[in-house]
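First up is the structure itself, then whatever we jot down about it.
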Amino acid sequence: MASRWPTALALAMSVDTFFSEVTDDLVRHFASAMALLPTMYVIMVAVDRRRLTWPVLVVLLVGFVGLEAQDQVPPVVVILWVALAFAVWSHLRGRFADGVARLQLVGLALFGALSVAGLLAEPGLARYVVAAGWFGHGVWDLVHLLRDRVVARSWAQWCGVLDVLVAAALVLVPLYPPS
């Protein structure tokens with residue numbers, strides 16, 4: 001059971017999502033936050049220290065909260081620029097010679113595009129675009145967990161479970177609104 005603490009943490013963190021109304025603002029929040037997911041992987045390729053996965057997450061989350069508190073620059077713009085900066089730094093250090101590392105650029109393009117699409121789509125469609133992105137990233141995490149690559153296993157487990165639960169809540173909660 002000790003190795004399942006990331007799953008328990010993800011379950012605890014997602015409970016509120018199933019008891020909250022899925023508003024357009026909530027969907028936009030999750031669309032912006034989705035950009036953090038591939039950014040995390042690109043940063044971890046750059047630093048090449050899996051033990052730093054959780055501290056990097058804390059820094060990203062603090063930065064995201066700060067970005068959401070202002071209204072001058074959309075958070076997704078800053079997050080994707082940070083990811084691009086780390087990708088360039090990684091390239092300059094020769095980190096993308098590895099196919100697994102290069103795959104993170106594909107993830108950045110895919111999930112970054114879904115993040116932006118979720119912000120630009122009309123609200124009804126945005127909910128499904130964002131849910132698809134979060135679910136897809138949950139699968140991405142599972143693959144990385146099973147292959148034990150790029151990020152800490154505990155983080156891949158936590159993120160995969162959380163991602164799938166966020167996706168499920170975005171799709172299911174509006175069908176069965178909390179009373």
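Here's how to read the names in the structure tokens: chain A, B, ... by the order shown, residue numbers from 1 in each chain, ligand numbers from 1 in the order shown.
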Quick one: everything within 7 Å of Asp163 in chain A, counting only C-alpha atoms, minus sequence neighbours fewer than 3 positions away in the same chain. Send it as an MDAnalysis selection string.
chainID A and resid 134:135 137:138 159:160 166:167
Could you turn the residues from that selection into a file that holds N, CA and C atoms, as a JSON list (two decimals), in the first residue's frame?
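Output saved as part06.json:
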[["chain", "number", "residue", "atom", "x", "y", "z"],
["A", 134, "TRP", "N", -6.72, 16.09, -20.99],
["A", 134, "TRP", "CA", -6.36, 15.56, -19.67],
["A", 134, "TRP", "C", -6.34, 14.03, -19.69],
["A", 135, "PHE", "N", -7.33, 13.42, -20.35],
["A", 135, "PHE", "CA", -7.34, 11.96, -20.42],
["A", 135, "PHE", "C", -6.12, 11.45, -21.19],
["A", 137, "HIS", "N", -3.30, 12.86, -21.51],
["A", 137, "HIS", "CA", -2.09, 13.01, -20.70],
["A", 137, "HIS", "C", -2.03, 11.95, -19.60],
["A", 138, "GLY", "N", -3.18, 11.52, -19.12],
["A", 138, "GLY", "CA", -3.20, 10.42, -18.16],
["A", 138, "GLY", "C", -2.59, 9.15, -18.76],
["A", 159, "CYS", "N", 0.07, 11.89, -11.27],
["A", 159, "CYS", "CA", -0.42, 12.73, -12.37],
["A", 159, "CYS", "C", -1.36, 11.94, -13.27],
["A", 160, "GLY", "N", -1.04, 10.68, -13.55],
["A", 160, "GLY", "CA", -1.90, 9.87, -14.40],
["A", 160, "GLY", "C", -3.29, 9.70, -13.81],
["A", 166, "VAL", "N", -9.75, 14.20, -13.57],
["A", 166, "VAL", "CA", -10.15, 15.53, -14.05],
["A", 166, "VAL", "C", -10.95, 15.38, -15.34],
["A", 167, "ALA", "N", -10.46, 14.56, -16.26],
["A", 167, "ALA", "CA", -11.17, 14.34, -17.53],
["A", 167, "ALA", "C", -12.56, 13.77, -17.28]]
Write out as an MDAnalysis selection string all residues of range 1-159 of chain A that DSSP puts in alpha helix (DSSP H) for this structure's backbone.
chainID A and resid 5:14 24:34 36:47 53:68 75:92 99:120 123:147 153:159
Just want the 10 Å neighbourhood of Ala126 in chain A, counted on only C-alpha atoms, with same-chain residues fewer than 6 positions away dropped. Output as a PyMOL selection string.
chain A and resi 24+27-28+31+114-120+132
Now that the selection is made, can you save its residues with N, CA and C atoms as a PDB file, in the first residue's frame?
ATOM      1  N   ASP A  24     -17.832  27.479 -17.344  1.00  0.00           N
ATOM      2  CA  ASP A  24     -16.898  27.864 -18.408  1.00  0.00           C
ATOM      3  C   ASP A  24     -15.564  28.299 -17.814  1.00  0.00           C
ATOM      4  N   VAL A  27     -13.549  25.223 -16.873  1.00  0.00           N
ATOM      5  CA  VAL A  27     -12.993  24.591 -18.074  1.00  0.00           C
ATOM      6  C   VAL A  27     -11.784  25.381 -18.564  1.00  0.00           C
ATOM      7  N   ARG A  28     -11.887  26.714 -18.568  1.00  0.00           N
ATOM      8  CA  ARG A  28     -10.761  27.558 -18.993  1.00  0.00           C
ATOM      9  C   ARG A  28      -9.570  27.377 -18.046  1.00  0.00           C
ATOM     10  N   ALA A  31      -8.011  24.199 -18.958  1.00  0.00           N
ATOM     11  CA  ALA A  31      -7.337  24.339 -20.261  1.00  0.00           C
ATOM     12  C   ALA A  31      -5.965  24.975 -20.064  1.00  0.00           C
ATOM     13  N   LEU A 114      -3.833  21.341 -27.560  1.00  0.00           N
ATOM     14  CA  LEU A 114      -5.127  21.072 -26.926  1.00  0.00           C
ATOM     15  C   LEU A 114      -5.447  22.115 -25.861  1.00  0.00           C
ATOM     16  N   SER A 115      -4.442  22.564 -25.143  1.00  0.00           N
ATOM     17  CA  SER A 115      -4.629  23.608 -24.139  1.00  0.00           C
ATOM     18  C   SER A 115      -5.140  24.889 -24.795  1.00  0.00           C
ATOM     19  N   VAL A 116      -4.470  25.316 -25.844  1.00  0.00           N
ATOM     20  CA  VAL A 116      -4.873  26.540 -26.551  1.00  0.00           C
ATOM     21  C   VAL A 116      -6.243  26.346 -27.206  1.00  0.00           C
ATOM     22  N   ALA A 117      -6.475  25.190 -27.820  1.00  0.00           N
ATOM     23  CA  ALA A 117      -7.774  24.918 -28.445  1.00  0.00           C
ATOM     24  C   ALA A 117      -8.893  24.968 -27.414  1.00  0.00           C
ATOM     25  N   GLY A 118      -8.635  24.442 -26.224  1.00  0.00           N
ATOM     26  CA  GLY A 118      -9.630  24.486 -25.159  1.00  0.00           C
ATOM     27  C   GLY A 118      -9.953  25.904 -24.719  1.00  0.00           C
ATOM     28  N   LEU A 119      -8.977  26.781 -24.804  1.00  0.00           N
ATOM     29  CA  LEU A 119      -9.207  28.189 -24.452  1.00  0.00           C
ATOM     30  C   LEU A 119      -9.953  28.932 -25.553  1.00  0.00           C
ATOM     31  N   LEU A 120      -9.773  28.526 -26.798  1.00  0.00           N
ATOM     32  CA  LEU A 120     -10.362  29.246 -27.927  1.00  0.00           C
ATOM     33  C   LEU A 120     -11.714  28.696 -28.378  1.00  0.00           C
ATOM     34  N   ALA A 132     -10.438  15.616 -23.227  1.00  0.00           N
ATOM     35  CA  ALA A 132      -9.630  14.716 -24.067  1.00  0.00           C
ATOM     36  C   ALA A 132      -8.144  14.924 -23.796  1.00  0.00           C
TER      37      ALA A 132
END
Can you pull out every residue within 9 Å of Val173 in chain A, counting only C-alpha atoms, but drop anything in the same chain fewer than 6 positions away, and send it as a PDB file with C-alpha atoms, in the first residue's frame?
ATOM      1  CA  THR A  17     -13.928  18.352  -8.827  1.00  0.00           C
ATOM      2  CA  PHE A  18     -16.788  15.847  -8.726  1.00  0.00           C
ATOM      3  CA  PHE A  19     -18.810  18.055  -6.386  1.00  0.00           C
ATOM      4  CA  SER A  20     -18.285  21.362  -8.199  1.00  0.00           C
ATOM      5  CA  GLU A  21     -20.272  22.820 -11.045  1.00  0.00           C
ATOM      6  CA  VAL A  22     -18.385  22.583 -14.333  1.00  0.00           C
TER       7      VAL A  22
END
Each residue of range 98-165 of chain A with at least one atom at most 10 Å from range 46-68 of chain A should appear once, together with its nearest atom pair and the corresponding distance in Å (one decimal); atoms considered: only C-alpha atoms; ordering: chain, then increasing residue number; output as a tab-separated table.
residue	atom	partner	partner_atom	distance
A:Ala101	CA	A:Ala46	CA	9.0
A:Arg149	CA	A:Arg50	CA	8.5
A:Val150	CA	A:Arg50	CA	6.4
A:Val151	CA	A:Arg50	CA	5.1
A:Ala152	CA	A:Arg50	CA	5.2
A:Arg153	CA	A:Arg50	CA	8.7
A:Ser154	CA	A:Trp54	CA	9.0
A:Trp155	CA	A:Trp54	CA	6.9
A:Ala156	CA	A:Thr53	CA	9.5
